[in-house]
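Below is one structure, written out as structure tokens, with a few remarks after it.
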Amino acid sequence: MQISEAWLRELVNPPISTEELVEQLTMAGLEIDSVEPAASEFSKVIVGEVTAVEQHSNADKLKVCKVSVGESEPLQIVCGASNVRVGLKTPVAMIGAVLPGNFKIKKTKLRAELSLGMLCSEKELGLAKKADGLMELSNNAPVGTDMREYLALDDNIIELDLTPNRADCLSVEGIAREIGVLNKMNWKPVTFDKAEISHDTVIEVKVEDKEACPRYLGRLIKNVNANAETPLWMQEKLRRSGVRSLGPLIDVTNYILLELGQPLHAFDADKLTGSITVRKGQKGEKLDLLNDQSIILDSSALVIADDKQALALAGIMGGKNTSITDASKNIFLECAFFTPITIAGKARQFGLHTDSSHRFERGVDFTLQQRAIERATQLIVDIAGGAVGPISEVIATEALPLRPAVMLRRSRIERVLGITMANKDISQIFTGLGMGVEEQEDGWCIKPPGYRFDIAIEADLLEEVGRIYGYNNLPNNSLLMRSALAHSEEAVLPLARVEDLLVDKGYQEVITYSFIDEKIQKIIAPNDKFISIKNPISSELSVMRTTLWCGLLNVALYNTKRQQNRVRLFETGLRFINKKEQIVQQRMISGLLLGTALAEQWSEKNREVDFFDMKGDLSAIFHLNNCDVQYKKTLHPALHPGQSAEILTKQGEIIGVVGMLHPTLEKQLDFDTPVFLFELDQALIFEKQIPTFKTLSKFPSVRRDMALIVEEKIAVSEITDCINQGNEKIIKDILIFDVYRGDGVDEGYKSVALSLLLQDDKETLTDSEIDAIFVRVLETIKSKINAKLRD
């Protein structure tokens, strides 16, 4: 939200500089994003009036103008603007003038015609980013007056970034109220005389959904002049608030929204049929909006309708069919209170965000509507004339928000804020903020006003005292904390330990959104039933992830496109599974690996990472919790069918999956190098096997090698499992040191060379004992996987 400092100072004018005012508001919780001059620097630009226009003799698109600037003789100025005409009052840059961008105006000739100045547009004065012609001033603009003085441009535009709970400050009055309290001075709310009622015609108003719209006011104003000129002071206030002038009737509604914080809407009454009804939309009903967008309504949308059709999307945007035009003569002025929960999310549902929806979503003062419609009526009559009718009002008092009183204890102020304040100072703070105050023996009973939706508990009141007193003025006290050592489960592997390990191995932790693009979700996990977001911020954040890979791949792609060719990433977080329409949240840890195995260096020849690099990193994780796992070949839609595996515990429980990104997806996602991924269930990998002490054997170990011929389909893990299942306690370890395919080995078979490490805890092994174990192992392998000893 942006507002004019001069407009603010009309309501409250503390004796402080702009810089002090900005600092004051920021420290009170109303963050200031920027402060900019109301106009760029320029000089020697005055109000002029075109008194004569002739066609340039040597240029079809140029005209030679005589311009009165308040001197004895008019100036001759050559101009190419399409809207230049006799009687036009417009800014004139005199000889010697300096325009924004240090553009200096000099005496010159254009196609042999002398030009003694320049007629200016808003863009040339830095008042607008674009312009279609000369800036047209009011007919009563005094010729010869300096433009900076005429437009009061020695002003600043303050842009605020308000938190959602401070909807009360989405208006000039709201900010002025804050400034008044902060400076312990009274501020002046806008005062006006009500317009006199001059006819008794009313348009009937009906509210079908009173929970959504507890208060609705409407008024018929006849015989307005839609072509009247909006006063310069109003145009400038709107411009400095980022709103362009659209004619007096629309300008007034925008002005009230900025001045009081109450959205209003004006309908062309001659385009209405019958009565006005506030109701839910009908499924399939069409509504053409003011921005030329057509939407299809559903039963969740609240609309303003007549007896024929929907006219407007309540609290968000009006409809095109009943919009105000230059030909409008009779208008129906609407002013309503829509509950925040009704409007929240509805604008985004239809791809909209308006000043009106921004306010209604956060909460508009539900006591403001009568004052706002009277203020708007007064301004419309003053500017565009018209005959005013009585107000039609529908109110459901029982549906209006409750504002229960909140107790503030004196002891809590002293304990939480560490300060002691006089009773009158506390009362002055809350009275200045517009709250009802009743002093009691041990504190104050505070009644929040209609515009403070954020005051509900005692902590909210403490915050108000703290920010008005000044956070910088609160004492700095050391906190006294008594704590006991927390119980640490030895059987649980801390997540931080796994994260540290991955960082030590060169991975970088990332945090990505839980909301992702539906397209990448369907690419990576097409078989998963995902959860769609009803009102997504954008299409790229429309579903909840069922795998952390989606975010990791996006981050990796972003980095590779910026010349980062060695990427190692991991993320810990939740995935969201739709099981029988229930959202199941599962904590996962996922990783991604691509590029070279080693960072660029000179001592070793580099190579691309492969499946076994990632498997080695996973083995290091499983070593932390003493977990024995096995890898089983699997098929995953996102992974290469020949390089993907499920990771299982010895009990057969699936821990996760690891593999190389499918080549089709690699190409589709625009990667130019293989990508390796893993994803593990945190709950399973953090179950730590507590190590137990075992006495070291005093006797020597023996190594026996064997080379086995097995079918190609037999995994090495099956061989080791067979040996382990033989329950030979003397075998302490099995080492695989070679896998061979080629000459001497039949096609479809492979040679696997392994070592058995044997050791007895009680005695030295004899050759006969070793041979017997060797034979039993061979027999077991042969019977279970049809392996034979290689010659």
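Going by the structure tokens order, chains are called A, B, ..., each with residues numbered from 1, while ligands are numbered from 1 in the order shown.
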Residue neighbourhood Cys79 (chain A), 8 Å, only C-alpha atoms, exclusion window fewer than 2 positions, as a compact mmCIF listing (two decimals) with N, CA, C and O atoms, in the first residue's frame:
# COMPACT_ATOMS: atom_id res chain seq x y z
N LEU A 62 3.34 17.70 -37.33
CA LEU A 62 3.68 18.77 -36.38
C LEU A 62 2.72 19.94 -36.52
O LEU A 62 2.18 20.20 -37.60
N LYS A 63 2.51 20.63 -35.40
CA LYS A 63 1.67 21.82 -35.39
C LYS A 63 2.42 22.96 -34.72
O LYS A 63 3.21 22.74 -33.79
N VAL A 64 2.17 24.16 -35.20
CA VAL A 64 2.78 25.36 -34.61
C VAL A 64 1.73 26.01 -33.72
O VAL A 64 0.65 26.38 -34.17
N CYS A 65 2.07 26.12 -32.41
CA CYS A 65 1.09 26.58 -31.43
C CYS A 65 1.52 27.93 -30.84
O CYS A 65 2.72 28.21 -30.68
N ILE A 77 5.46 27.52 -29.95
CA ILE A 77 6.01 26.21 -29.60
C ILE A 77 5.53 25.19 -30.64
O ILE A 77 4.33 25.12 -30.93
N ALA A 81 1.89 16.44 -30.50
CA ALA A 81 0.89 15.65 -29.77
C ALA A 81 -0.47 15.70 -30.49
O ALA A 81 -0.87 16.73 -31.02
N VAL A 84 -3.31 18.23 -28.88
CA VAL A 84 -3.12 19.67 -28.76
C VAL A 84 -4.28 20.39 -29.47
O VAL A 84 -4.68 20.01 -30.57
N MET A 118 8.52 23.77 -24.68
CA MET A 118 8.02 22.41 -24.95
C MET A 118 6.74 22.18 -24.15
O MET A 118 6.66 22.49 -22.96
N LEU A 119 5.72 21.66 -24.84
CA LEU A 119 4.49 21.23 -24.16
C LEU A 119 4.71 19.81 -23.65
O LEU A 119 5.23 18.96 -24.38
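Comparing A:Tyr255, A:Ile304, A:Leu665, A:Ile589 by their smallest distance to Ala525 (chain A), the closest is A:Leu665 (using only C-alpha atoms).
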Inset, instruction - Please provide the set of residues having any atom within 10 Å of Tyr507 (chain A), restricted to only C-alpha atoms, with same-chain residues fewer than 6 positions apart removed, written as a list in words. - result: Glu499, Asp500, Leu501, Val567, Arg568, Leu569, Phe570, Glu571, Gly591, Leu592 and Leu593 of chain A
Inset, instruction - Could you give me, as a PyMOL selection string, the residues within 8 Å of Phe338 (chain A), counting only C-alpha atoms and dropping anything in the same chain fewer than 3 positions from it? - result: chain A and resi 212-215+314-315+342-343+360
Inset, instruction - Might you pull out every residue within 9 Å of Ile457 (chain A), with only C-alpha atoms counted and same-chain residues fewer than 4 positions away left off, and present them as a VMD selection string? - result: chain A and resid 406 to 408 461
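Closest approach to Ser4 (chain A) among A:Glu208, A:Asp617, A:Glu769, A:Glu259 is made by A:Glu259 (distances from only C-alpha atoms).
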